[in-house]
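One structure below.
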Amino acid sequence: MFRPLLIAALIASPVPAFAQTQAAADQQAETGQPPKRVRSVTLTGDQKCPQSTADEVVVCGRDDEPFRIPKGLRDDQPIAAQNQSWVNRAAVADRVGRTAAGLPDTCSPVGSGGQTGCALTWNRDYAAQRRADRAAERAVPGGEE
């Protein structure tokens with residue numbers, strides 16, 4: 001008894017949505033012309049999307065970061081130790097402890113495996129130097145000649 005009633009309700013539910021899309025298709029078919037203008041609008045804050053007309057379609061999108069800080073003014077310096085999370089502090093303590101113990105991949109003169117990490121250390125230092133050089137070039141507006 002319940003099953004036929006449920007099937008009838010499921011079949012009847014999409015009918016209103018179909019009727020709405022059919023009405024829009026009928027209106028388009030009556031004019032026979034596509035919209036003359038498509039306008040793209042970027043909304044910020046509490047702005048509302050303008051209404052479309054018969055001759056114009058309005059496509060709206062939101063700008064999530066309207067007051068974003070320009071890249072030139074952002075602070076790219078390392079975060080001070082007292083302002084870092086305990087996870088970062090523990091990672092630094094682990095790295096210092098590994099170097100002091102001469103464990104593998106540490107580039108330490110102490111211990112049997114300390115020499116294996118020297119190439120890694122040199123590569124990290126080179127990459128850090130390049131990042132610092134790029135940051136210095138960006139800090140000078142227009143570059144010095």
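Every chain in the structure tokens has a letter given in the order shown (A, B, ...), and although residue numbers restart at 1 in each chain, ligands are simply numbered from 1 in the order shown.
Residues with any atom within 10 Å of Gly117 of chain A, counting only C-alpha atoms and excluding same-chain neighbours fewer than 5 positions away, are Thr99, Gly102, Leu103, Pro104, Asp105, Thr106, Cys107, Ser108 and Trp122 of chain A.
A straight line drawn from atom CA of Asp46 of chain A to atom CA of Cys60 of chain A is 12.9 Å long.
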> Excluding same-chain residues fewer than 4 positions from segment 71-75 of chain A, what lies within 10 Å of it counting only C-alpha atoms, as a PyMOL selection string?
Replying inline: chain A and resi 79+135+138-141
>> Would you pick out the contacts of Gln77 of chain A at 12 Å or less, using only C-alpha atoms, so that residues sharing its chain but fewer than 5 positions from it are not included, and give the list as number ranges by chain?
In response: A: 128, 131-132, 135-136
For those residues, write N, CA and C atoms to a file as an mmCIF file, in the first residue's frame.
```cif
data_model
loop_
_atom_site.group_PDB
_atom_site.id
_atom_site.type_symbol
_atom_site.label_atom_id
_atom_site.label_comp_id
_atom_site.auth_asym_id
_atom_site.auth_seq_id
_atom_site.Cartn_x
_atom_site.Cartn_y
_atom_site.Cartn_z
ATOM 1 N N ALA A 128 68.066 28.782 -0.172
ATOM 2 C CA ALA A 128 67.729 29.904 0.717
ATOM 3 C C ALA A 128 68.376 31.201 0.240
ATOM 4 N N ARG A 131 66.372 32.508 -2.732
ATOM 5 C CA ARG A 131 65.121 33.132 -2.280
ATOM 6 C C ARG A 131 65.393 34.516 -1.712
ATOM 7 N N ALA A 132 66.462 34.650 -0.929
ATOM 8 C CA ALA A 132 66.810 35.957 -0.351
ATOM 9 C C ALA A 132 67.185 36.953 -1.441
ATOM 10 N N ALA A 135 64.006 38.081 -3.181
ATOM 11 C CA ALA A 135 63.258 38.991 -2.316
ATOM 12 C C ALA A 135 63.895 40.377 -2.319
ATOM 13 N N ALA A 136 65.219 40.424 -2.331
ATOM 14 C CA ALA A 136 65.907 41.722 -2.360
ATOM 15 C C ALA A 136 65.661 42.436 -3.689
#
```
>> Ranking A:Ala54, A:Ile69, A:Gln84, A:Leu43 by minimum distance to Thr31 of chain A and counting only C-alpha atoms, which one comes first?
In response: A:Ala54
>> If you run DSSP on the backbone here, which positions in segment 26-131 of chain A get helix (DSSP H, G or I)? Please write them as number ranges by chain.
In response: A: 26-31, 71-73, 81-83, 86-101, 114-131
>> Among segment 25-118 of chain A, which ones does DSSP assign to strand (DSSP E or B) (computed from the backbone)? Answer as a list in words.
In response: Arg37, Val38, Arg39, Ser40, Val41, Thr42, Leu43, Glu56, Val57, Val58, Val59, Cys60, Gly61 and Arg62 of chain A
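Atom pair atom CA of Arg62 of chain A / atom CA of Gly45 of chain A: separated by 8.3 Å.
We find atom CA of Ser52 of chain A and atom CA of Pro34 of chain A to be spaced 13.3 Å apart.
Residues in contact range of Ser40 of chain A, defined as at most 10 Å between only C-alpha atoms, with sequence neighbours fewer than 3 positions away removed, read Arg37, Leu43, Val57, Val58, Val59, Cys60 and Gly61 of chain A.
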